[in-house]
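Containing PDB, C-alpha atoms: start01.pdb.
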```
ATOM      1  CA  MET H   1       0.000   0.000   0.000  1.00  0.00           C
ATOM      2  CA  GLY H   2       1.257   3.449  -0.894  1.00  0.00           C
ATOM      3  CA  VAL H   3       0.491   5.849   1.947  1.00  0.00           C
ATOM      4  CA  SER H   4      -0.359   8.966   0.003  1.00  0.00           C
ATOM      5  CA  LYS H   5      -1.504  11.186   2.884  1.00  0.00           C
ATOM      6  CA  THR H   6      -0.241  14.780   2.518  1.00  0.00           C
ATOM      7  CA  PHE H   7       1.037  14.092  -1.004  1.00  0.00           C
ATOM      8  CA  PRO H   8      -0.567  15.898  -3.938  1.00  0.00           C
ATOM      9  CA  VAL H   9      -2.627  14.331  -6.680  1.00  0.00           C
ATOM     10  CA  GLU H  10       0.261  14.537  -9.141  1.00  0.00           C
ATOM     11  CA  ARG H  11       2.424  12.247  -6.988  1.00  0.00           C
ATOM     12  CA  ILE H  12      -0.413   9.762  -6.582  1.00  0.00           C
ATOM     13  CA  ARG H  13      -0.928   9.659 -10.326  1.00  0.00           C
ATOM     14  CA  GLU H  14       2.809   9.035 -10.837  1.00  0.00           C
ATOM     15  CA  ALA H  15       2.638   6.065  -8.442  1.00  0.00           C
ATOM     16  CA  TYR H  16      -0.435   4.752 -10.245  1.00  0.00           C
ATOM     17  CA  ALA H  17       1.322   5.038 -13.609  1.00  0.00           C
ATOM     18  CA  ALA H  18       4.206   3.025 -12.124  1.00  0.00           C
ATOM     19  CA  GLY H  19       1.789   0.214 -11.236  1.00  0.00           C
ATOM     20  CA  LEU H  20       0.629   0.948  -7.671  1.00  0.00           C
ATOM     21  CA  ARG H  21      -3.061   0.259  -7.122  1.00  0.00           C
ATOM     22  CA  VAL H  22      -3.617   0.328  -3.344  1.00  0.00           C
ATOM     23  CA  PHE H  23      -3.422   3.679  -1.560  1.00  0.00           C
ATOM     24  CA  GLY H  24      -3.844   4.707   2.072  1.00  0.00           C
ATOM     25  CA  GLU H  25      -5.099   8.056   3.321  1.00  0.00           C
ATOM     26  CA  ASN H  26      -5.286   9.280   6.915  1.00  0.00           C
ATOM     27  CA  ARG H  27      -8.042  11.882   6.847  1.00  0.00           C
ATOM     28  CA  VAL H  28     -11.476  11.899   5.282  1.00  0.00           C
ATOM     29  CA  GLN H  29     -11.438  15.612   4.492  1.00  0.00           C
ATOM     30  CA  GLU H  30      -7.981  15.542   2.916  1.00  0.00           C
ATOM     31  CA  PHE H  31      -8.940  12.691   0.612  1.00  0.00           C
ATOM     32  CA  ALA H  32     -12.281  14.310  -0.234  1.00  0.00           C
ATOM     33  CA  ALA H  33     -10.336  17.234  -1.695  1.00  0.00           C
ATOM     34  CA  LYS H  34      -8.443  14.855  -4.019  1.00  0.00           C
ATOM     35  CA  THR H  35     -11.223  12.584  -5.229  1.00  0.00           C
ATOM     36  CA  ASP H  36     -12.416  14.548  -8.258  1.00  0.00           C
ATOM     37  CA  ALA H  37      -8.903  14.628  -9.680  1.00  0.00           C
ATOM     38  CA  LEU H  38      -8.455  10.880  -9.118  1.00  0.00           C
ATOM     39  CA  ARG H  39     -11.837   9.631 -10.250  1.00  0.00           C
ATOM     40  CA  ASP H  40     -10.519   8.224 -13.532  1.00  0.00           C
ATOM     41  CA  LEU H  41      -8.170   5.792 -11.720  1.00  0.00           C
ATOM     42  CA  ARG H  42     -10.945   3.223 -11.712  1.00  0.00           C
ATOM     43  CA  ASP H  43      -9.055   0.154 -10.536  1.00  0.00           C
ATOM     44  CA  ALA H  44      -7.330   1.919  -7.645  1.00  0.00           C
ATOM     45  CA  GLU H  45      -8.301   0.931  -4.097  1.00  0.00           C
ATOM     46  CA  TRP H  46      -8.633   3.690  -1.533  1.00  0.00           C
ATOM     47  CA  HIS H  47      -8.144   2.745   2.117  1.00  0.00           C
ATOM     48  CA  LEU H  48      -8.715   4.930   5.157  1.00  0.00           C
ATOM     49  CA  ILE H  49      -5.899   4.058   7.557  1.00  0.00           C
ATOM     50  CA  GLY H  50      -6.244   6.916  10.042  1.00  0.00           C
ATOM     51  CA  HIS H  51      -8.610   7.213  12.973  1.00  0.00           C
ATOM     52  CA  LEU H  52     -12.216   7.735  11.886  1.00  0.00           C
ATOM     53  CA  GLN H  53     -14.485   9.989  13.901  1.00  0.00           C
ATOM     54  CA  THR H  54     -18.003   8.599  14.120  1.00  0.00           C
ATOM     55  CA  ASN H  55     -19.475  11.820  12.729  1.00  0.00           C
ATOM     56  CA  LYS H  56     -17.550  11.246   9.483  1.00  0.00           C
ATOM     57  CA  THR H  57     -18.594   7.657   8.774  1.00  0.00           C
ATOM     58  CA  ALA H  58     -21.070   8.665   6.049  1.00  0.00           C
ATOM     59  CA  LYS H  59     -18.415  10.522   4.069  1.00  0.00           C
ATOM     60  CA  ALA H  60     -15.881   7.744   4.663  1.00  0.00           C
ATOM     61  CA  ALA H  61     -18.321   5.107   3.388  1.00  0.00           C
ATOM     62  CA  GLU H  62     -18.951   7.216   0.304  1.00  0.00           C
ATOM     63  CA  LEU H  63     -15.283   7.857  -0.546  1.00  0.00           C
ATOM     64  CA  PHE H  64     -13.337   4.768   0.497  1.00  0.00           C
ATOM     65  CA  ASP H  65     -13.291   1.137  -0.569  1.00  0.00           C
ATOM     66  CA  ALA H  66     -11.946   0.046   2.801  1.00  0.00           C
ATOM     67  CA  VAL H  67     -11.521   1.297   6.363  1.00  0.00           C
ATOM     68  CA  ASP H  68      -8.523  -0.329   8.022  1.00  0.00           C
ATOM     69  CA  SER H  69      -8.888   1.394  11.404  1.00  0.00           C
ATOM     70  CA  VAL H  70     -12.087   0.157  13.079  1.00  0.00           C
ATOM     71  CA  ASP H  71     -11.456   0.337  16.818  1.00  0.00           C
ATOM     72  CA  SER H  72     -14.842   0.238  18.563  1.00  0.00           C
ATOM     73  CA  VAL H  73     -18.266  -1.321  18.375  1.00  0.00           C
ATOM     74  CA  ARG H  74     -19.775   2.152  18.088  1.00  0.00           C
ATOM     75  CA  MET H  75     -17.658   2.983  15.058  1.00  0.00           C
ATOM     76  CA  ALA H  76     -18.447  -0.359  13.421  1.00  0.00           C
ATOM     77  CA  GLU H  77     -22.177   0.157  13.919  1.00  0.00           C
ATOM     78  CA  LYS H  78     -22.096   3.686  12.498  1.00  0.00           C
ATOM     79  CA  LEU H  79     -19.909   2.627   9.581  1.00  0.00           C
ATOM     80  CA  ASN H  80     -22.181  -0.308   8.783  1.00  0.00           C
ATOM     81  CA  ALA H  81     -25.223   1.974   8.727  1.00  0.00           C
ATOM     82  CA  SER H  82     -23.382   4.451   6.507  1.00  0.00           C
ATOM     83  CA  ALA H  83     -22.258   1.715   4.115  1.00  0.00           C
ATOM     84  CA  GLU H  84     -25.816   0.419   3.923  1.00  0.00           C
ATOM     85  CA  SER H  85     -27.071   3.907   3.085  1.00  0.00           C
ATOM     86  CA  ALA H  86     -24.381   4.187   0.402  1.00  0.00           C
ATOM     87  CA  GLY H  87     -25.444   0.824  -1.042  1.00  0.00           C
ATOM     88  CA  LYS H  88     -22.048  -0.806  -0.662  1.00  0.00           C
ATOM     89  CA  THR H  89     -20.103  -3.302   1.410  1.00  0.00           C
ATOM     90  CA  LEU H  90     -16.918  -1.968   2.961  1.00  0.00           C
ATOM     91  CA  SER H  91     -13.845  -4.043   3.631  1.00  0.00           C
ATOM     92  CA  VAL H  92     -12.631  -3.274   7.133  1.00  0.00           C
ATOM     93  CA  MET H  93      -9.828  -4.230   9.475  1.00  0.00           C
ATOM     94  CA  ILE H  94      -9.744  -4.029  13.239  1.00  0.00           C
ATOM     95  CA  GLU H  95      -6.966  -1.744  14.446  1.00  0.00           C
ATOM     96  CA  ILE H  96      -5.096  -3.051  17.482  1.00  0.00           C
ATOM     97  CA  ASN H  97      -3.125  -0.683  19.734  1.00  0.00           C
ATOM     98  CA  VAL H  98      -0.454  -3.293  20.327  1.00  0.00           C
ATOM     99  CA  GLY H  99       1.770  -1.071  22.458  1.00  0.00           C
ATOM    100  CA  GLY H 100      -1.008   0.344  24.630  1.00  0.00           C
ATOM    101  CA  GLU H 101       0.042   3.893  23.727  1.00  0.00           C
ATOM    102  CA  LYS H 102      -2.422   6.542  24.862  1.00  0.00           C
ATOM    103  CA  ALA H 103      -1.605   8.817  21.922  1.00  0.00           C
ATOM    104  CA  LYS H 104      -2.591   6.160  19.378  1.00  0.00           C
ATOM    105  CA  SER H 105      -5.990   4.879  18.364  1.00  0.00           C
ATOM    106  CA  GLY H 106      -6.837   1.211  18.155  1.00  0.00           C
ATOM    107  CA  VAL H 107      -8.395  -1.423  20.361  1.00  0.00           C
ATOM    108  CA  ALA H 108      -6.464  -2.159  23.535  1.00  0.00           C
ATOM    109  CA  ILE H 109      -5.637  -5.867  23.616  1.00  0.00           C
ATOM    110  CA  ASP H 110      -6.977  -6.343  27.148  1.00  0.00           C
ATOM    111  CA  SER H 111      -9.980  -3.985  26.974  1.00  0.00           C
ATOM    112  CA  GLY H 112     -12.722  -6.422  25.977  1.00  0.00           C
ATOM    113  CA  GLU H 113     -13.631  -4.180  23.030  1.00  0.00           C
ATOM    114  CA  LEU H 114     -11.968  -6.542  20.570  1.00  0.00           C
ATOM    115  CA  GLU H 115     -14.182  -9.424  21.711  1.00  0.00           C
ATOM    116  CA  GLN H 116     -17.273  -7.227  21.425  1.00  0.00           C
ATOM    117  CA  ILE H 117     -16.350  -6.306  17.855  1.00  0.00           C
ATOM    118  CA  LEU H 118     -15.796  -9.943  16.936  1.00  0.00           C
ATOM    119  CA  ARG H 119     -19.144 -10.956  18.421  1.00  0.00           C
ATOM    120  CA  GLY H 120     -20.915  -8.030  16.769  1.00  0.00           C
ATOM    121  CA  ALA H 121     -19.753  -8.892  13.254  1.00  0.00           C
ATOM    122  CA  PRO H 122     -22.845 -10.946  12.288  1.00  0.00           C
ATOM    123  CA  ARG H 123     -25.002  -7.834  12.838  1.00  0.00           C
ATOM    124  CA  TRP H 124     -23.045  -5.750  10.337  1.00  0.00           C
ATOM    125  CA  GLY H 125     -24.051  -7.030   6.926  1.00  0.00           C
ATOM    126  CA  ASN H 126     -22.365  -4.158   5.081  1.00  0.00           C
ATOM    127  CA  LEU H 127     -18.949  -4.668   6.657  1.00  0.00           C
ATOM    128  CA  ASN H 128     -16.494  -7.351   5.594  1.00  0.00           C
ATOM    129  CA  ILE H 129     -14.091  -7.795   8.515  1.00  0.00           C
ATOM    130  CA  HIS H 130     -11.038  -9.456   7.048  1.00  0.00           C
ATOM    131  CA  GLY H 131      -8.031  -8.853   9.264  1.00  0.00           C
ATOM    132  CA  LEU H 132      -6.054  -6.792  11.754  1.00  0.00           C
ATOM    133  CA  MET H 133      -4.003  -3.614  11.442  1.00  0.00           C
ATOM    134  CA  THR H 134      -1.450  -2.212  13.874  1.00  0.00           C
ATOM    135  CA  VAL H 135       1.148   0.524  14.360  1.00  0.00           C
ATOM    136  CA  PRO H 136       3.691  -0.557  16.997  1.00  0.00           C
ATOM    137  CA  PRO H 137       5.678   1.860  19.154  1.00  0.00           C
ATOM    138  CA  TYR H 138       8.373   3.493  17.053  1.00  0.00           C
ATOM    139  CA  THR H 139      11.963   2.376  17.498  1.00  0.00           C
ATOM    140  CA  GLU H 140      15.001   3.428  15.463  1.00  0.00           C
ATOM    141  CA  ASP H 141      16.001  -0.221  15.173  1.00  0.00           C
ATOM    142  CA  PRO H 142      13.445  -2.122  13.045  1.00  0.00           C
ATOM    143  CA  GLU H 143      14.077  -5.190  15.189  1.00  0.00           C
ATOM    144  CA  GLY H 144      12.329  -3.334  18.006  1.00  0.00           C
ATOM    145  CA  SER H 145       9.042  -3.899  16.168  1.00  0.00           C
ATOM    146  CA  ARG H 146       9.429  -7.658  15.811  1.00  0.00           C
ATOM    147  CA  ALA H 147       7.889  -8.693  19.124  1.00  0.00           C
ATOM    148  CA  TYR H 148       4.847  -6.485  18.467  1.00  0.00           C
ATOM    149  CA  PHE H 149       4.368  -7.856  14.959  1.00  0.00           C
ATOM    150  CA  ARG H 150       4.668 -11.391  16.272  1.00  0.00           C
ATOM    151  CA  GLN H 151       2.092 -10.681  18.977  1.00  0.00           C
ATOM    152  CA  ILE H 152      -0.404  -9.342  16.432  1.00  0.00           C
ATOM    153  CA  ARG H 153       0.120 -12.368  14.202  1.00  0.00           C
ATOM    154  CA  GLN H 154      -0.557 -14.634  17.171  1.00  0.00           C
ATOM    155  CA  ILE H 155      -3.749 -12.722  17.986  1.00  0.00           C
ATOM    156  CA  ARG H 156      -4.812 -12.976  14.347  1.00  0.00           C
ATOM    157  CA  ASP H 157      -4.127 -16.715  14.316  1.00  0.00           C
ATOM    158  CA  SER H 158      -6.088 -17.284  17.530  1.00  0.00           C
ATOM    159  CA  ILE H 159      -9.090 -15.398  16.140  1.00  0.00           C
ATOM    160  CA  ALA H 160      -8.927 -17.295  12.842  1.00  0.00           C
ATOM    161  CA  ALA H 161      -8.842 -20.613  14.684  1.00  0.00           C
ATOM    162  CA  ARG H 162     -12.177 -19.824  16.331  1.00  0.00           C
ATOM    163  CA  GLY H 163     -14.048 -19.884  13.009  1.00  0.00           C
ATOM    164  CA  LEU H 164     -16.271 -16.962  13.964  1.00  0.00           C
ATOM    165  CA  PRO H 165     -19.181 -16.089  11.663  1.00  0.00           C
ATOM    166  CA  GLN H 166     -18.674 -13.143   9.288  1.00  0.00           C
ATOM    167  CA  ILE H 167     -14.999 -12.871  10.292  1.00  0.00           C
ATOM    168  CA  SER H 168     -12.031 -13.533   8.023  1.00  0.00           C
ATOM    169  CA  MET H 169      -8.504 -13.086   9.278  1.00  0.00           C
ATOM    170  CA  ALA H 170      -6.797 -13.352   5.897  1.00  0.00           C
ATOM    171  CA  ALA H 171      -5.164  -9.924   6.107  1.00  0.00           C
ATOM    172  CA  LEU H 172      -2.506  -8.573   8.441  1.00  0.00           C
ATOM    173  CA  SER H 173      -1.593  -4.933   7.833  1.00  0.00           C
ATOM    174  CA  MET H 174       1.600  -4.014   9.671  1.00  0.00           C
ATOM    175  CA  GLY H 175       4.950  -2.512   8.861  1.00  0.00           C
ATOM    176  CA  MET H 176       5.902   0.880   7.450  1.00  0.00           C
ATOM    177  CA  SER H 177       8.846   2.272   5.528  1.00  0.00           C
ATOM    178  CA  HIS H 178      11.415   1.768   8.307  1.00  0.00           C
ATOM    179  CA  ASP H 179      10.398  -1.715   9.477  1.00  0.00           C
ATOM    180  CA  PHE H 180       8.435  -3.395   6.675  1.00  0.00           C
ATOM    181  CA  GLU H 181      11.043  -6.111   6.100  1.00  0.00           C
ATOM    182  CA  VAL H 182      10.620  -7.306   9.685  1.00  0.00           C
ATOM    183  CA  ALA H 183       6.832  -7.118   9.317  1.00  0.00           C
ATOM    184  CA  ILE H 184       6.952  -9.341   6.226  1.00  0.00           C
ATOM    185  CA  GLU H 185       9.121 -11.842   8.074  1.00  0.00           C
ATOM    186  CA  GLU H 186       6.475 -11.931  10.822  1.00  0.00           C
ATOM    187  CA  GLY H 187       3.580 -12.539   8.442  1.00  0.00           C
ATOM    188  CA  ALA H 188       2.354  -9.187   7.142  1.00  0.00           C
ATOM    189  CA  THR H 189       0.130  -9.431   4.070  1.00  0.00           C
ATOM    190  CA  CYS H 190       0.058  -5.644   3.607  1.00  0.00           C
ATOM    191  CA  VAL H 191       2.800  -3.128   4.357  1.00  0.00           C
ATOM    192  CA  ARG H 192       2.033   0.590   4.401  1.00  0.00           C
ATOM    193  CA  LEU H 193       4.776   2.533   2.638  1.00  0.00           C
ATOM    194  CA  GLY H 194       4.825   6.310   2.464  1.00  0.00           C
ATOM    195  CA  THR H 195       8.385   7.606   2.582  1.00  0.00           C
ATOM    196  CA  ALA H 196       9.767   4.538   0.789  1.00  0.00           C
ATOM    197  CA  ILE H 197       7.524   5.251  -2.215  1.00  0.00           C
ATOM    198  CA  PHE H 198       6.839   8.976  -2.219  1.00  0.00           C
ATOM    199  CA  GLY H 199       9.880  10.341  -0.391  1.00  0.00           C
ATOM    200  CA  GLU H 200      10.056  12.528   2.689  1.00  0.00           C
ATOM    201  CA  ARG H 201       6.984  14.529   3.572  1.00  0.00           C
ATOM    202  CA  ALA H 202       7.215  18.281   3.860  1.00  0.00           C
ATOM    203  CA  LYS H 203       7.688  19.382   7.461  1.00  0.00           C
ATOM    204  CA  THR H 204       4.687  21.239   8.870  1.00  0.00           C
TER     205      THR H 204
END
```

Kindly transcribe the structure held in the file into C-alpha cells.
Amino acid sequence: MGVSKTFPVERIREAYAAGLRVFGENRVQEFAAKTDALRDLRDAEWHLIGHLQTNKTAKAAELFDAVDSVDSVRMAEKLNASAESAGKTLSVMIEINVGGEKAKSGVAIDSGELEQILRGAPRWGNLNIHGLMTVPPYTEDPEGSRAYFRQIRQIRDSIAARGLPQISMAALSMGMSHDFEVAIEEGATCVRLGTAIFGERAKT
C-alpha cells in the first residue's frame, strides 16, 4: 500500500502510472479534496488508515473502498449503517493498539472491546471484517518492532482458529517504511509505505 496522505494528486498519479493500485489516506477531508482529480483511476483501491471519527462515517463510506482502522463497536455500527445507506459493502480491518500507547488509536488488547467487535460482526451485513491492522511503538532499530508484529500475528491466528461467523482473518496490515522487512518476516500481508515510495513529507 502506498500511503499517500499529505502528497498531492500529481504524486499519486505518478505512483499509479508506475503500477501501484492500493493507496492509504489518513483523513477523510484531505482525501475528499483529491477525489475529483483521481476519479478516472478506476481500478485503484482507496483505504482509510487513520482514525475515523463517528461523525464522518457517512463521508468515509462514500469515498473509500476500505476502512482499516475500526477500533470500537460504536464505530463499526455507524460505519455499517453508513455503508448500507451508500449501497455498498466496505472491507474493514480491526486496528489493534499493540503497544497500549495513549496517543494512538486502536483497540487495547486487554480492553474487551476486541471481543465485542468480533461478536458483533454478524449484525453488520455491510462490513467485511477481514483482518487486523497495527502501528507498533516506534523504534530506530526495526528489530524493536518484531515482538509487536509477532504478537499481532498470534492474535490474528487465535481469532482465525475460532471460526467466527462473518470474520475472516486473511489480512494482516503491519509494517511501514522503516520496518516493513521485519513485518513481512512476521507474516504481514500488507505493508504501508509512504516515505519509501513517495519520499520525505514536507515538514509542517

So how many Å separate CA of Glu140 (chain H) and CA of Ile155 (chain H), to one decimal? 24.9 Å

So that I can check the surroundings of region 107-120 of chain H, please list as a list in words every protein, DNA and RNA residue that reaches within 9 Å of it, counting all atoms listed in the file and ignoring chain neighbours fewer than 3 positions away.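 Surrounding residues, per the criterion: Val70, Asp71, Ser72, Val73, Ala76, Glu77, Ile94, Glu95, Ile96, Asn97, Val98, Gly99, Gly100, Glu101, Arg123, Trp124, Ile129, Ile159, Leu164, Pro165, Gln166 and Ile167 of chain H.
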
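The space separating CA of Glu185 (chain H) from CA of Arg156 (chain H) comes to 15.3 Å.
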
At what distance in Å, to one decimal, does CA of Val67 (chain H) lie from CA of Pro137 (chain H)? 21.4 Å

On this structure, which residues satisfy the PyMOL selection byres ((chain H and resi 189) around 6), written as a ChimeraX atom specification? /H:171-172,188,190

Could you take the residues named above and write them with C-alpha atoms, as a PDB file, in the frame of the given file?
```pdb
ATOM      1  CA  ALA H 171      -5.164  -9.924   6.107  1.00  0.00           C
ATOM      2  CA  LEU H 172      -2.506  -8.573   8.441  1.00  0.00           C
ATOM      3  CA  ALA H 188       2.354  -9.187   7.142  1.00  0.00           C
ATOM      4  CA  CYS H 190       0.058  -5.644   3.607  1.00  0.00           C
TER       5      CYS H 190
END
```

Coordinates of box centre and edge lengths for region 41-55 of chain H, 8 Å on every side, axis-aligned, as AutoDock Vina command-line options:
```
--center_x -12.7 --center_y 6.0 --center_z 1.2 --size_x 29.6 --size_y 27.7 --size_z 41.8
```

N, CA, C and O atoms modelled onto region 152-175 of chain H, as a PDB file, in the coordinates of the input:
```
ATOM      1  N   ILE H 152       0.792  -9.564  17.243  1.00  0.00           N
ATOM      2  CA  ILE H 152      -0.404  -9.342  16.432  1.00  0.00           C
ATOM      3  C   ILE H 152      -0.700 -10.554  15.556  1.00  0.00           C
ATOM      4  O   ILE H 152      -1.856 -10.960  15.392  1.00  0.00           O
ATOM      5  N   ARG H 153       0.349 -11.167  15.001  1.00  0.00           N
ATOM      6  CA  ARG H 153       0.120 -12.368  14.202  1.00  0.00           C
ATOM      7  C   ARG H 153      -0.487 -13.480  15.062  1.00  0.00           C
ATOM      8  O   ARG H 153      -1.387 -14.200  14.615  1.00  0.00           O
ATOM      9  N   GLN H 154      -0.017 -13.608  16.276  1.00  0.00           N
ATOM     10  CA  GLN H 154      -0.557 -14.634  17.171  1.00  0.00           C
ATOM     11  C   GLN H 154      -2.015 -14.361  17.520  1.00  0.00           C
ATOM     12  O   GLN H 154      -2.833 -15.283  17.582  1.00  0.00           O
ATOM     13  N   ILE H 155      -2.349 -13.089  17.723  1.00  0.00           N
ATOM     14  CA  ILE H 155      -3.749 -12.722  17.986  1.00  0.00           C
ATOM     15  C   ILE H 155      -4.603 -13.036  16.759  1.00  0.00           C
ATOM     16  O   ILE H 155      -5.692 -13.613  16.867  1.00  0.00           O
ATOM     17  N   ARG H 156      -4.089 -12.676  15.580  1.00  0.00           N
ATOM     18  CA  ARG H 156      -4.812 -12.976  14.347  1.00  0.00           C
ATOM     19  C   ARG H 156      -5.056 -14.475  14.206  1.00  0.00           C
ATOM     20  O   ARG H 156      -6.163 -14.921  13.885  1.00  0.00           O
ATOM     21  N   ASP H 157      -4.011 -15.269  14.460  1.00  0.00           N
ATOM     22  CA  ASP H 157      -4.127 -16.715  14.316  1.00  0.00           C
ATOM     23  C   ASP H 157      -5.137 -17.292  15.307  1.00  0.00           C
ATOM     24  O   ASP H 157      -5.893 -18.216  14.973  1.00  0.00           O
ATOM     25  N   SER H 158      -5.152 -16.768  16.527  1.00  0.00           N
ATOM     26  CA  SER H 158      -6.088 -17.284  17.530  1.00  0.00           C
ATOM     27  C   SER H 158      -7.526 -16.938  17.171  1.00  0.00           C
ATOM     28  O   SER H 158      -8.440 -17.746  17.392  1.00  0.00           O
ATOM     29  N   ILE H 159      -7.742 -15.762  16.585  1.00  0.00           N
ATOM     30  CA  ILE H 159      -9.090 -15.398  16.140  1.00  0.00           C
ATOM     31  C   ILE H 159      -9.511 -16.293  14.974  1.00  0.00           C
ATOM     32  O   ILE H 159     -10.627 -16.815  14.941  1.00  0.00           O
ATOM     33  N   ALA H 160      -8.613 -16.474  14.017  1.00  0.00           N
ATOM     34  CA  ALA H 160      -8.927 -17.295  12.842  1.00  0.00           C
ATOM     35  C   ALA H 160      -9.292 -18.715  13.246  1.00  0.00           C
ATOM     36  O   ALA H 160     -10.192 -19.334  12.661  1.00  0.00           O
ATOM     37  N   ALA H 161      -8.608 -19.233  14.262  1.00  0.00           N
ATOM     38  CA  ALA H 161      -8.842 -20.613  14.684  1.00  0.00           C
ATOM     39  C   ALA H 161     -10.228 -20.813  15.295  1.00  0.00           C
ATOM     40  O   ALA H 161     -10.725 -21.943  15.359  1.00  0.00           O
ATOM     41  N   ARG H 162     -10.856 -19.714  15.710  1.00  0.00           N
ATOM     42  CA  ARG H 162     -12.177 -19.824  16.331  1.00  0.00           C
ATOM     43  C   ARG H 162     -13.297 -20.011  15.308  1.00  0.00           C
ATOM     44  O   ARG H 162     -14.405 -20.409  15.668  1.00  0.00           O
ATOM     45  N   GLY H 163     -13.037 -19.708  14.053  1.00  0.00           N
ATOM     46  CA  GLY H 163     -14.048 -19.884  13.009  1.00  0.00           C
ATOM     47  C   GLY H 163     -15.295 -19.061  13.241  1.00  0.00           C
ATOM     48  O   GLY H 163     -16.409 -19.537  13.040  1.00  0.00           O
ATOM     49  N   LEU H 164     -15.132 -17.823  13.636  1.00  0.00           N
ATOM     50  CA  LEU H 164     -16.271 -16.962  13.964  1.00  0.00           C
ATOM     51  C   LEU H 164     -17.052 -16.587  12.706  1.00  0.00           C
ATOM     52  O   LEU H 164     -16.472 -16.370  11.643  1.00  0.00           O
ATOM     53  N   PRO H 165     -18.373 -16.468  12.822  1.00  0.00           N
ATOM     54  CA  PRO H 165     -19.181 -16.089  11.663  1.00  0.00           C
ATOM     55  C   PRO H 165     -18.895 -14.653  11.210  1.00  0.00           C
ATOM     56  O   PRO H 165     -18.690 -13.762  12.037  1.00  0.00           O
ATOM     57  N   GLN H 166     -18.869 -14.462   9.912  1.00  0.00           N
ATOM     58  CA  GLN H 166     -18.674 -13.143   9.288  1.00  0.00           C
ATOM     59  C   GLN H 166     -17.299 -12.537   9.591  1.00  0.00           C
ATOM     60  O   GLN H 166     -17.132 -11.323   9.479  1.00  0.00           O
ATOM     61  N   ILE H 167     -16.351 -13.358  10.003  1.00  0.00           N
ATOM     62  CA  ILE H 167     -14.999 -12.871  10.292  1.00  0.00           C
ATOM     63  C   ILE H 167     -13.998 -13.652   9.458  1.00  0.00           C
ATOM     64  O   ILE H 167     -13.975 -14.880   9.484  1.00  0.00           O
ATOM     65  N   SER H 168     -13.168 -12.922   8.708  1.00  0.00           N
ATOM     66  CA  SER H 168     -12.031 -13.533   8.023  1.00  0.00           C
ATOM     67  C   SER H 168     -10.775 -12.875   8.564  1.00  0.00           C
ATOM     68  O   SER H 168     -10.753 -11.672   8.783  1.00  0.00           O
ATOM     69  N   MET H 169      -9.766 -13.648   8.798  1.00  0.00           N
ATOM     70  CA  MET H 169      -8.504 -13.086   9.278  1.00  0.00           C
ATOM     71  C   MET H 169      -7.399 -13.296   8.245  1.00  0.00           C
ATOM     72  O   MET H 169      -6.256 -13.590   8.566  1.00  0.00           O
ATOM     73  N   ALA H 170      -7.761 -13.129   6.975  1.00  0.00           N
ATOM     74  CA  ALA H 170      -6.797 -13.352   5.897  1.00  0.00           C
ATOM     75  C   ALA H 170      -5.733 -12.268   5.826  1.00  0.00           C
ATOM     76  O   ALA H 170      -4.621 -12.507   5.358  1.00  0.00           O
ATOM     77  N   ALA H 171      -6.059 -11.059   6.294  1.00  0.00           N
ATOM     78  CA  ALA H 171      -5.164  -9.924   6.107  1.00  0.00           C
ATOM     79  C   ALA H 171      -4.510  -9.498   7.419  1.00  0.00           C
ATOM     80  O   ALA H 171      -5.118  -9.553   8.489  1.00  0.00           O
ATOM     81  N   LEU H 172      -3.268  -9.072   7.302  1.00  0.00           N
ATOM     82  CA  LEU H 172      -2.506  -8.573   8.441  1.00  0.00           C
ATOM     83  C   LEU H 172      -1.712  -7.366   7.958  1.00  0.00           C
ATOM     84  O   LEU H 172      -0.717  -7.509   7.244  1.00  0.00           O
ATOM     85  N   SER H 173      -2.205  -6.178   8.298  1.00  0.00           N
ATOM     86  CA  SER H 173      -1.593  -4.933   7.833  1.00  0.00           C
ATOM     87  C   SER H 173      -0.673  -4.394   8.922  1.00  0.00           C
ATOM     88  O   SER H 173      -1.127  -3.907   9.948  1.00  0.00           O
ATOM     89  N   MET H 174       0.623  -4.506   8.690  1.00  0.00           N
ATOM     90  CA  MET H 174       1.600  -4.014   9.671  1.00  0.00           C
ATOM     91  C   MET H 174       2.930  -3.813   8.974  1.00  0.00           C
ATOM     92  O   MET H 174       3.246  -4.491   8.000  1.00  0.00           O
ATOM     93  N   GLY H 175       3.670  -2.845   9.464  1.00  0.00           N
ATOM     94  CA  GLY H 175       4.950  -2.512   8.861  1.00  0.00           C
ATOM     95  C   GLY H 175       4.865  -1.261   8.018  1.00  0.00           C
ATOM     96  O   GLY H 175       3.931  -1.091   7.224  1.00  0.00           O
TER      97      GLY H 175
END
```
